[in-house]
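Novice: Input final.pdb, format and content: PDB, C-alpha atoms (C1' of nucleotides).
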```
ATOM      1  CA  MET A 116     181.460 125.704 141.943  1.00  0.00           C
ATOM      2  CA  ARG A 117     178.658 126.312 139.487  1.00  0.00           C
ATOM      3  CA  ILE A 118     178.831 128.673 136.545  1.00  0.00           C
ATOM      4  CA  GLY A 119     176.894 131.351 138.385  1.00  0.00           C
ATOM      5  CA  ASP A 120     179.393 131.368 141.250  1.00  0.00           C
ATOM      6  CA  ILE A 121     182.373 131.729 138.943  1.00  0.00           C
ATOM      7  CA  ALA A 122     180.630 134.436 136.965  1.00  0.00           C
ATOM      8  CA  GLN A 123     179.874 136.467 140.060  1.00  0.00           C
ATOM      9  CA  ARG A 124     183.328 136.075 141.579  1.00  0.00           C
ATOM     10  CA  ALA A 125     185.189 136.811 138.355  1.00  0.00           C
ATOM     11  CA  GLY A 126     182.860 139.609 137.346  1.00  0.00           C
ATOM     12  CA  VAL A 127     181.751 138.225 133.996  1.00  0.00           C
ATOM     13  CA  SER A 128     178.501 136.885 132.583  1.00  0.00           C
ATOM     14  CA  THR A 129     177.646 133.204 132.480  1.00  0.00           C
ATOM     15  CA  ARG A 130     177.315 133.729 128.751  1.00  0.00           C
ATOM     16  CA  SER A 131     180.991 134.660 128.585  1.00  0.00           C
ATOM     17  CA  LEU A 132     182.038 131.617 130.557  1.00  0.00           C
ATOM     18  CA  ARG A 133     180.212 129.304 128.159  1.00  0.00           C
ATOM     19  CA  TYR A 134     181.794 131.212 125.281  1.00  0.00           C
ATOM     20  CA  TYR A 135     185.284 130.810 126.768  1.00  0.00           C
ATOM     21  CA  GLU A 136     184.685 127.102 127.056  1.00  0.00           C
ATOM     22  CA  GLU A 137     183.518 126.969 123.458  1.00  0.00           C
ATOM     23  CA  GLN A 138     186.740 128.748 122.468  1.00  0.00           C
ATOM     24  CA  GLY A 139     188.817 126.246 124.408  1.00  0.00           C
ATOM     25  CA  LEU A 140     189.949 128.793 126.988  1.00  0.00           C
ATOM     26  CA  LEU A 141     188.194 127.374 130.003  1.00  0.00           C
ATOM     27  CA  ALA A 142     187.532 123.767 130.918  1.00  0.00           C
ATOM     28  CA  SER A 143     184.733 122.469 133.092  1.00  0.00           C
ATOM     29  CA  GLU A 144     183.368 119.199 134.311  1.00  0.00           C
ATOM     30  CA  ARG A 145     179.719 118.191 134.226  1.00  0.00           C
ATOM     31  CA  THR A 146     177.468 116.901 136.942  1.00  0.00           C
ATOM     32  CA  SER A 147     175.163 113.954 136.277  1.00  0.00           C
ATOM     33  CA  THR A 148     172.494 116.475 135.255  1.00  0.00           C
ATOM     34  CA  GLY A 149     174.742 118.262 132.814  1.00  0.00           C
ATOM     35  CA  GLN A 150     175.543 121.332 134.842  1.00  0.00           C
ATOM     36  CA  ARG A 151     179.043 122.751 134.507  1.00  0.00           C
ATOM     37  CA  THR A 152     181.350 122.515 137.512  1.00  0.00           C
ATOM     38  CA  TYR A 153     184.531 124.477 138.074  1.00  0.00           C
ATOM     39  CA  PRO A 154     187.447 124.302 140.510  1.00  0.00           C
ATOM     40  CA  GLU A 155     188.269 127.273 142.711  1.00  0.00           C
ATOM     41  CA  SER A 156     191.177 128.102 140.403  1.00  0.00           C
ATOM     42  CA  ALA A 157     188.754 128.881 137.580  1.00  0.00           C
ATOM     43  CA  VAL A 158     188.068 132.303 139.072  1.00  0.00           C
ATOM     44  CA  GLU A 159     191.681 133.387 138.708  1.00  0.00           C
ATOM     45  CA  ARG A 160     191.877 131.886 135.251  1.00  0.00           C
ATOM     46  CA  VAL A 161     188.837 133.816 134.082  1.00  0.00           C
ATOM     47  CA  ARG A 162     190.307 137.037 135.427  1.00  0.00           C
ATOM     48  CA  LEU A 163     193.491 136.353 133.477  1.00  0.00           C
ATOM     49  CA  ILE A 164     191.471 135.713 130.329  1.00  0.00           C
ATOM     50  CA  GLN A 165     189.673 139.008 130.907  1.00  0.00           C
ATOM     51  CA  GLN A 166     192.961 140.860 131.259  1.00  0.00           C
ATOM     52  CA  PHE A 167     194.188 139.390 127.999  1.00  0.00           C
ATOM     53  CA  PHE A 168     191.013 140.392 126.182  1.00  0.00           C
ATOM     54  CA  THR A 169     191.266 143.876 127.662  1.00  0.00           C
ATOM     55  CA  ALA A 170     194.885 144.070 126.533  1.00  0.00           C
ATOM     56  CA  GLY A 171     193.729 143.355 122.992  1.00  0.00           C
ATOM     57  CA  LEU A 172     194.723 139.730 122.559  1.00  0.00           C
ATOM     58  CA  ALA A 173     192.498 137.756 120.197  1.00  0.00           C
ATOM     59  CA  SER A 174     190.761 134.701 121.621  1.00  0.00           C
ATOM     60  CA  ARG A 175     192.825 132.628 119.210  1.00  0.00           C
ATOM     61  CA  THR A 176     196.009 134.097 120.640  1.00  0.00           C
ATOM     62  CA  ILE A 177     194.862 133.588 124.198  1.00  0.00           C
ATOM     63  CA  GLN A 178     194.096 130.010 123.302  1.00  0.00           C
ATOM     64  CA  ARG A 179     197.722 129.512 122.270  1.00  0.00           C
ATOM     65  CA  VAL A 180     199.127 131.275 125.305  1.00  0.00           C
ATOM     66  CA  LEU A 181     197.096 129.721 128.104  1.00  0.00           C
ATOM     67  CA  PRO A 182     198.757 126.306 127.818  1.00  0.00           C
ATOM     68  CA  CYS A 183     201.969 128.057 128.891  1.00  0.00           C
ATOM     69  CA  VAL A 184     200.220 129.298 131.981  1.00  0.00           C
ATOM     70  CA  ASP A 185     199.148 125.753 132.752  1.00  0.00           C
ATOM     71  CA  SER A 186     202.467 124.060 132.025  1.00  0.00           C
ATOM     72  CA  GLY A 187     204.717 126.825 133.264  1.00  0.00           C
ATOM     73  CA  GLU A 188     206.801 126.673 130.122  1.00  0.00           C
ATOM     74  CA  ALA A 189     206.548 127.878 126.550  1.00  0.00           C
ATOM     75  CA  SER A 190     207.412 126.217 123.269  1.00  0.00           C
ATOM     76  CA  ALA A 191     209.555 128.176 120.820  1.00  0.00           C
ATOM     77  CA  GLU A 192     206.477 129.323 118.891  1.00  0.00           C
ATOM     78  CA  ALA A 193     204.596 130.185 122.059  1.00  0.00           C
ATOM     79  CA  PHE A 194     207.558 132.164 123.323  1.00  0.00           C
ATOM     80  CA  ALA A 195     207.704 134.156 120.087  1.00  0.00           C
ATOM     81  CA  LEU A 196     204.006 134.822 120.424  1.00  0.00           C
ATOM     82  CA  LEU A 197     204.423 136.080 123.969  1.00  0.00           C
ATOM     83  CA  GLU A 198     207.192 138.451 122.916  1.00  0.00           C
ATOM     84  CA  ALA A 199     205.179 139.689 119.954  1.00  0.00           C
ATOM     85  CA  GLU A 200     202.151 140.428 122.133  1.00  0.00           C
ATOM     86  CA  ARG A 201     204.345 142.162 124.653  1.00  0.00           C
ATOM     87  CA  ALA A 202     205.805 144.352 121.937  1.00  0.00           C
ATOM     88  CA  ARG A 203     202.338 145.140 120.583  1.00  0.00           C
ATOM     89  CA  ILE A 204     201.124 146.137 124.023  1.00  0.00           C
ATOM     90  CA  THR A 205     204.191 148.303 124.576  1.00  0.00           C
ATOM     91  CA  ALA A 206     203.498 150.109 121.309  1.00  0.00           C
ATOM     92  CA  ALA A 207     199.838 150.482 122.224  1.00  0.00           C
ATOM     93  CA  MET A 208     200.853 152.023 125.545  1.00  0.00           C
ATOM     94  CA  ALA A 209     202.954 154.588 123.708  1.00  0.00           C
ATOM     95  CA  ASP A 210     199.973 155.470 121.524  1.00  0.00           C
ATOM     96  CA  LEU A 211     197.769 155.823 124.561  1.00  0.00           C
ATOM     97  CA  ALA A 212     200.329 158.023 126.268  1.00  0.00           C
ATOM     98  CA  ALA A 213     200.507 160.244 123.185  1.00  0.00           C
ATOM     99  CA  ALA A 214     196.728 160.576 123.105  1.00  0.00           C
ATOM    100  CA  ARG A 215     196.728 161.395 126.799  1.00  0.00           C
ATOM    101  CA  ASP A 216     199.391 164.066 126.284  1.00  0.00           C
ATOM    102  CA  ALA A 217     197.321 165.632 123.517  1.00  0.00           C
ATOM    103  CA  LEU A 218     194.332 165.721 125.849  1.00  0.00           C
ATOM    104  CA  ASP A 219     196.533 167.258 128.554  1.00  0.00           C
ATOM    105  CA  ARG A 220     197.452 170.093 126.183  1.00  0.00           C
ATOM    106  CA  MET A 221     193.807 170.640 125.278  1.00  0.00           C
ATOM    107  CA  ILE A 222     192.815 170.674 128.926  1.00  0.00           C
ATOM    108  CA  ASP A 223     195.544 173.170 129.696  1.00  0.00           C
ATOM    109  CA  ILE A 224     194.339 175.446 126.902  1.00  0.00           C
ATOM    110  CA  ALA A 225     190.782 175.125 128.134  1.00  0.00           C
ATOM    111  CA  HIS A 226     191.927 176.280 131.554  1.00  0.00           C
ATOM    112  CA  ASN A 227     193.957 179.200 130.159  1.00  0.00           C
ATOM    113  CA  PRO A 228     192.130 180.539 127.086  1.00  0.00           C
ATOM    114  CA  THR A 229     194.215 182.796 124.844  1.00  0.00           C
ATOM    115  CA  ALA A 230     193.332 184.706 121.670  1.00  0.00           C
ATOM    116  CA  GLU A 231     195.777 182.477 119.835  1.00  0.00           C
ATOM    117  CA  HIS A 232     193.776 179.344 120.595  1.00  0.00           C
ATOM    118  CA  CYS A 233     190.284 180.769 121.042  1.00  0.00           C
ATOM    119  CA  PRO A 234     188.794 182.622 118.016  1.00  0.00           C
ATOM    120  CA  ALA A 235     185.916 183.826 120.187  1.00  0.00           C
ATOM    121  CA  LEU A 236     188.382 186.007 122.115  1.00  0.00           C
ATOM    122  CA  ARG A 237     189.712 187.755 119.005  1.00  0.00           C
ATOM    123  CA  GLU A 238     186.473 189.572 118.065  1.00  0.00           C
ATOM    124  CA  PRO A 239     184.674 191.267 120.944  1.00  0.00           C
ATOM    125  CA  ALA A 240     181.136 189.960 120.830  1.00  0.00           C
ATOM    126  CA  TRP A 241     179.783 193.425 121.620  1.00  0.00           C
ATOM    127  CA  ALA A 242     181.632 195.184 118.779  1.00  0.00           C
ATOM    128  CA  PRO A 243     179.263 197.320 116.622  1.00  0.00           C
ATOM    129  CA  LEU A 244     178.680 195.957 113.103  1.00  0.00           C
ATOM    130  CA  GLU A 245     180.142 199.160 111.600  1.00  0.00           C
ATOM    131  CA  SER A 246     183.502 198.474 113.153  1.00  0.00           C
ATOM    132  CA  LEU A 247     183.565 195.007 111.589  1.00  0.00           C
ATOM    133  CA  ALA A 248     182.523 196.302 108.179  1.00  0.00           C
ATOM    134  CA  GLY A 249     184.862 199.253 108.309  1.00  0.00           C
TER     135      GLY A 249
ATOM    136  C1'  DG B  51     165.863 129.490 141.619  1.00  0.00           C
ATOM    137  C1'  DT B  52     169.675 127.991 138.306  1.00  0.00           C
ATOM    138  C1'  DT B  53     171.447 126.119 134.384  1.00  0.00           C
ATOM    139  C1'  DC B  54     171.327 123.983 129.659  1.00  0.00           C
ATOM    140  C1'  DT B  55     171.020 124.426 124.544  1.00  0.00           C
ATOM    141  C1'  DT B  56     169.798 126.822 120.552  1.00  0.00           C
ATOM    142  C1'  DA B  57     168.926 130.796 118.034  1.00  0.00           C
ATOM    143  C1'  DC B  58     168.332 135.662 116.955  1.00  0.00           C
ATOM    144  C1'  DA B  59     169.573 140.762 117.364  1.00  0.00           C
TER     145       DA B  59
ATOM    146  C1'  DT C 258     177.601 139.430 124.106  1.00  0.00           C
ATOM    147  C1'  DG C 259     172.693 139.994 125.729  1.00  0.00           C
ATOM    148  C1'  DT C 260     168.415 137.920 125.721  1.00  0.00           C
ATOM    149  C1'  DA C 261     164.435 134.667 124.882  1.00  0.00           C
ATOM    150  C1'  DA C 262     162.238 130.109 124.814  1.00  0.00           C
ATOM    151  C1'  DG C 263     161.363 125.575 126.598  1.00  0.00           C
ATOM    152  C1'  DA C 264     163.196 121.735 129.341  1.00  0.00           C
ATOM    153  C1'  DA C 265     165.622 119.782 133.267  1.00  0.00           C
TER     154       DA C 265
END
```
Transcribe the structure of this file into structure tokens.
Specialist:
Amino acid sequence: MRIGDIAQRAGVSTRSLRYYEEQGLLASERTSTGQRTYPESAVERVRLIQQFFTAGLASRTIQRVLPCVDSGEASAEAFALLEAERARITAAMADLAAARDALDRMIDIAHNPTAEHCPALREPAWAPLESLAG
DNA sequence: GTTCTTACA
DNA sequence: TGTAAGAA
């Protein structure tokens, strides 16, 4: 398949695919005219690369991890890297959950305004100035 | 019409 | 990463 096909099927730009290749994440063959050619499996590989980027892995890290995907086994260093990334993602998930919980509390307050949380409810807007001064 | 490389924002 | 230019 040509670069445009892969891009469309994997949902990324052709620019990204060329970038991945430059970073050593994605291989391709060339036709006699220089156009890149990819096997069907490239689509799935690109999606995996996307997931890793989304999960916060650096391209350099992805570059070290992908060989494991290809070989089906990990060297000692690669294994340590996988565990480290897993731990980082787990921690990131906890942070996200905490942020979500905070938003949940804010949403709840927004739905049930109380004088404690909403200053605007403490002072009647229609109160005469004298009553405020006095 | 697509893709390629190179380069700039 | 997006986009532009000029060539294939």
Novice: Starting from chain C, keep only residues with some atom at most 10 Å from an atom of chain A, counting all atoms listed in the file, and report them as a PyMOL selection string.
Specialist: chain C and resi 258-259+265
Novice: Using the chain letters and numbers from the file, which residues does the PyMOL selection byres ((chain B) within 8 of (chain A)) grab, as a list in words?
Specialist: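 Listing what the PyMOL selection byres ((chain B) within 8 of (chain A)) selects in the shown file: DT52, DT53 and DC54 of chain B.
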Novice: Which residues, written as a PyMOL selection string, have at least one atom at most 9 Å from segment 176-184 of chain A, with only C-alpha atoms (C1' of nucleotides) counted and residues fewer than 2 positions away on the same chain left out?
Specialist: chain A and resi 138-140+164+167-168+172-174+186-190+193-194+196-197+200
Novice: Quote the spacing between atom CA of Ala213 of chain A and atom CA of Thr169 of chain A in Å to one decimal place.
Specialist: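 Atom-to-atom, atom CA of Ala213 of chain A to atom CA of Thr169 of chain A, that is 19.3 Å.
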Novice: Can you list, as a list of chain:residue names, every protein, DNA or RNA residue that comes within 12 Å of DA261 of chain C when you count only C-alpha atoms (C1' of nucleotides), leaving out same-chain residues fewer than 6 positions away?
Specialist: B:DT56, B:DA57, B:DC58, B:DA59
Novice: Which distance in Å separates atom CA of Leu132 of chain A and atom CA of Thr152 of chain A, to one decimal?
Specialist: 11.5 Å
Novice: Find the smallest box with edges along x, y and z containing every listed atom of chain C, then add 8 Å on each side and report centre and edge lengths in Å to one decimal, as lines of an AutoDock Vina configuration file.
Specialist:
```
center_x = 169.5
center_y = 129.9
center_z = 128.7
size_x = 32.2
size_y = 36.2
size_z = 25.2
```
Novice: Please indicate the distance in Å from atom CA of Ala122 of chain A to atom CA of Val158 of chain A, rounded to one decimal place.
Specialist: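 Result for atom CA of Ala122 of chain A versus atom CA of Val158 of chain A: 8.0 Å, one decimal.
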Novice: Nearest to Glu144 of chain A: which of A:Val161, A:Ile121, A:Met116, A:Ala170 is it, counting all atoms listed in the file?
Specialist: A:Met116
Novice: Could I get segment 198-228 of chain A rebuilt with N, CA and C atoms, written as a PDB file, in the frame of the given file?
Specialist:
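Generated output (part-v7.pdb):
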```pdb
ATOM      1  N   GLU A 198     206.370 137.264 123.138  1.00  0.00           N
ATOM      2  CA  GLU A 198     207.192 138.451 122.916  1.00  0.00           C
ATOM      3  C   GLU A 198     206.515 139.416 121.953  1.00  0.00           C
ATOM      4  N   ALA A 199     205.862 138.855 120.949  1.00  0.00           N
ATOM      5  CA  ALA A 199     205.179 139.689 119.954  1.00  0.00           C
ATOM      6  C   ALA A 199     204.038 140.457 120.606  1.00  0.00           C
ATOM      7  N   GLU A 200     203.270 139.764 121.446  1.00  0.00           N
ATOM      8  CA  GLU A 200     202.151 140.428 122.133  1.00  0.00           C
ATOM      9  C   GLU A 200     202.655 141.497 123.086  1.00  0.00           C
ATOM     10  N   ARG A 201     203.768 141.186 123.736  1.00  0.00           N
ATOM     11  CA  ARG A 201     204.345 142.162 124.653  1.00  0.00           C
ATOM     12  C   ARG A 201     204.747 143.417 123.907  1.00  0.00           C
ATOM     13  N   ALA A 202     205.363 143.217 122.756  1.00  0.00           N
ATOM     14  CA  ALA A 202     205.805 144.352 121.937  1.00  0.00           C
ATOM     15  C   ALA A 202     204.598 145.161 121.470  1.00  0.00           C
ATOM     16  N   ARG A 203     203.544 144.454 121.066  1.00  0.00           N
ATOM     17  CA  ARG A 203     202.338 145.140 120.583  1.00  0.00           C
ATOM     18  C   ARG A 203     201.727 145.984 121.698  1.00  0.00           C
ATOM     19  N   ILE A 204     201.696 145.410 122.891  1.00  0.00           N
ATOM     20  CA  ILE A 204     201.124 146.137 124.023  1.00  0.00           C
ATOM     21  C   ILE A 204     201.983 147.357 124.375  1.00  0.00           C
ATOM     22  N   THR A 205     203.289 147.179 124.291  1.00  0.00           N
ATOM     23  CA  THR A 205     204.191 148.303 124.576  1.00  0.00           C
ATOM     24  C   THR A 205     203.930 149.442 123.592  1.00  0.00           C
ATOM     25  N   ALA A 206     203.766 149.090 122.332  1.00  0.00           N
ATOM     26  CA  ALA A 206     203.498 150.109 121.309  1.00  0.00           C
ATOM     27  C   ALA A 206     202.147 150.764 121.573  1.00  0.00           C
ATOM     28  N   ALA A 207     201.177 149.954 121.952  1.00  0.00           N
ATOM     29  CA  ALA A 207     199.838 150.482 122.224  1.00  0.00           C
ATOM     30  C   ALA A 207     199.881 151.449 123.401  1.00  0.00           C
ATOM     31  N   MET A 208     200.717 151.147 124.380  1.00  0.00           N
ATOM     32  CA  MET A 208     200.853 152.023 125.545  1.00  0.00           C
ATOM     33  C   MET A 208     201.428 153.379 125.136  1.00  0.00           C
ATOM     34  N   ALA A 209     202.355 153.334 124.186  1.00  0.00           N
ATOM     35  CA  ALA A 209     202.954 154.588 123.708  1.00  0.00           C
ATOM     36  C   ALA A 209     201.888 155.424 123.012  1.00  0.00           C
ATOM     37  N   ASP A 210     201.053 154.756 122.224  1.00  0.00           N
ATOM     38  CA  ASP A 210     199.973 155.470 121.524  1.00  0.00           C
ATOM     39  C   ASP A 210     199.002 156.082 122.523  1.00  0.00           C
ATOM     40  N   LEU A 211     198.689 155.319 123.543  1.00  0.00           N
ATOM     41  CA  LEU A 211     197.769 155.823 124.561  1.00  0.00           C
ATOM     42  C   LEU A 211     198.373 157.023 125.289  1.00  0.00           C
ATOM     43  N   ALA A 212     199.659 156.925 125.576  1.00  0.00           N
ATOM     44  CA  ALA A 212     200.329 158.023 126.268  1.00  0.00           C
ATOM     45  C   ALA A 212     200.314 159.279 125.406  1.00  0.00           C
ATOM     46  N   ALA A 213     200.511 159.109 124.100  1.00  0.00           N
ATOM     47  CA  ALA A 213     200.507 160.244 123.185  1.00  0.00           C
ATOM     48  C   ALA A 213     199.127 160.891 123.151  1.00  0.00           C
ATOM     49  N   ALA A 214     198.101 160.059 123.126  1.00  0.00           N
ATOM     50  CA  ALA A 214     196.728 160.576 123.105  1.00  0.00           C
ATOM     51  C   ALA A 214     196.435 161.302 124.417  1.00  0.00           C
ATOM     52  N   ARG A 215     196.929 160.756 125.502  1.00  0.00           N
ATOM     53  CA  ARG A 215     196.728 161.395 126.799  1.00  0.00           C
ATOM     54  C   ARG A 215     197.428 162.751 126.850  1.00  0.00           C
ATOM     55  N   ASP A 216     198.648 162.805 126.304  1.00  0.00           N
ATOM     56  CA  ASP A 216     199.391 164.066 126.284  1.00  0.00           C
ATOM     57  C   ASP A 216     198.646 165.126 125.473  1.00  0.00           C
ATOM     58  N   ALA A 217     198.070 164.694 124.357  1.00  0.00           N
ATOM     59  CA  ALA A 217     197.321 165.632 123.517  1.00  0.00           C
ATOM     60  C   ALA A 217     196.137 166.182 124.303  1.00  0.00           C
ATOM     61  N   LEU A 218     195.469 165.293 125.035  1.00  0.00           N
ATOM     62  CA  LEU A 218     194.332 165.721 125.849  1.00  0.00           C
ATOM     63  C   LEU A 218     194.790 166.665 126.958  1.00  0.00           C
ATOM     64  N   ASP A 219     195.987 166.386 127.510  1.00  0.00           N
ATOM     65  CA  ASP A 219     196.533 167.258 128.554  1.00  0.00           C
ATOM     66  C   ASP A 219     196.715 168.676 128.013  1.00  0.00           C
ATOM     67  N   ARG A 220     197.236 168.778 126.784  1.00  0.00           N
ATOM     68  CA  ARG A 220     197.452 170.093 126.183  1.00  0.00           C
ATOM     69  C   ARG A 220     196.119 170.807 125.972  1.00  0.00           C
ATOM     70  N   MET A 221     195.131 170.045 125.511  1.00  0.00           N
ATOM     71  CA  MET A 221     193.807 170.640 125.278  1.00  0.00           C
ATOM     72  C   MET A 221     193.178 171.110 126.587  1.00  0.00           C
ATOM     73  N   ILE A 222     193.363 170.312 127.619  1.00  0.00           N
ATOM     74  CA  ILE A 222     192.815 170.674 128.926  1.00  0.00           C
ATOM     75  C   ILE A 222     193.493 171.931 129.453  1.00  0.00           C
ATOM     76  N   ASP A 223     194.799 172.009 129.234  1.00  0.00           N
ATOM     77  CA  ASP A 223     195.544 173.170 129.696  1.00  0.00           C
ATOM     78  C   ASP A 223     195.048 174.429 128.988  1.00  0.00           C
ATOM     79  N   ILE A 224     194.835 174.312 127.687  1.00  0.00           N
ATOM     80  CA  ILE A 224     194.339 175.446 126.902  1.00  0.00           C
ATOM     81  C   ILE A 224     192.941 175.848 127.366  1.00  0.00           C
ATOM     82  N   ALA A 225     192.145 174.843 127.670  1.00  0.00           N
ATOM     83  CA  ALA A 225     190.782 175.125 128.134  1.00  0.00           C
ATOM     84  C   ALA A 225     190.802 175.884 129.462  1.00  0.00           C
ATOM     85  N   HIS A 226     191.806 175.594 130.263  1.00  0.00           N
ATOM     86  CA  HIS A 226     191.927 176.280 131.554  1.00  0.00           C
ATOM     87  C   HIS A 226     192.504 177.687 131.409  1.00  0.00           C
ATOM     88  N   ASN A 227     193.341 177.888 130.386  1.00  0.00           N
ATOM     89  CA  ASN A 227     193.957 179.200 130.159  1.00  0.00           C
ATOM     90  C   ASN A 227     193.720 179.675 128.736  1.00  0.00           C
ATOM     91  N   PRO A 228     192.497 180.109 128.442  1.00  0.00           N
ATOM     92  CA  PRO A 228     192.130 180.539 127.086  1.00  0.00           C
ATOM     93  C   PRO A 228     192.991 181.719 126.641  1.00  0.00           C
TER      94      PRO A 228
END
```
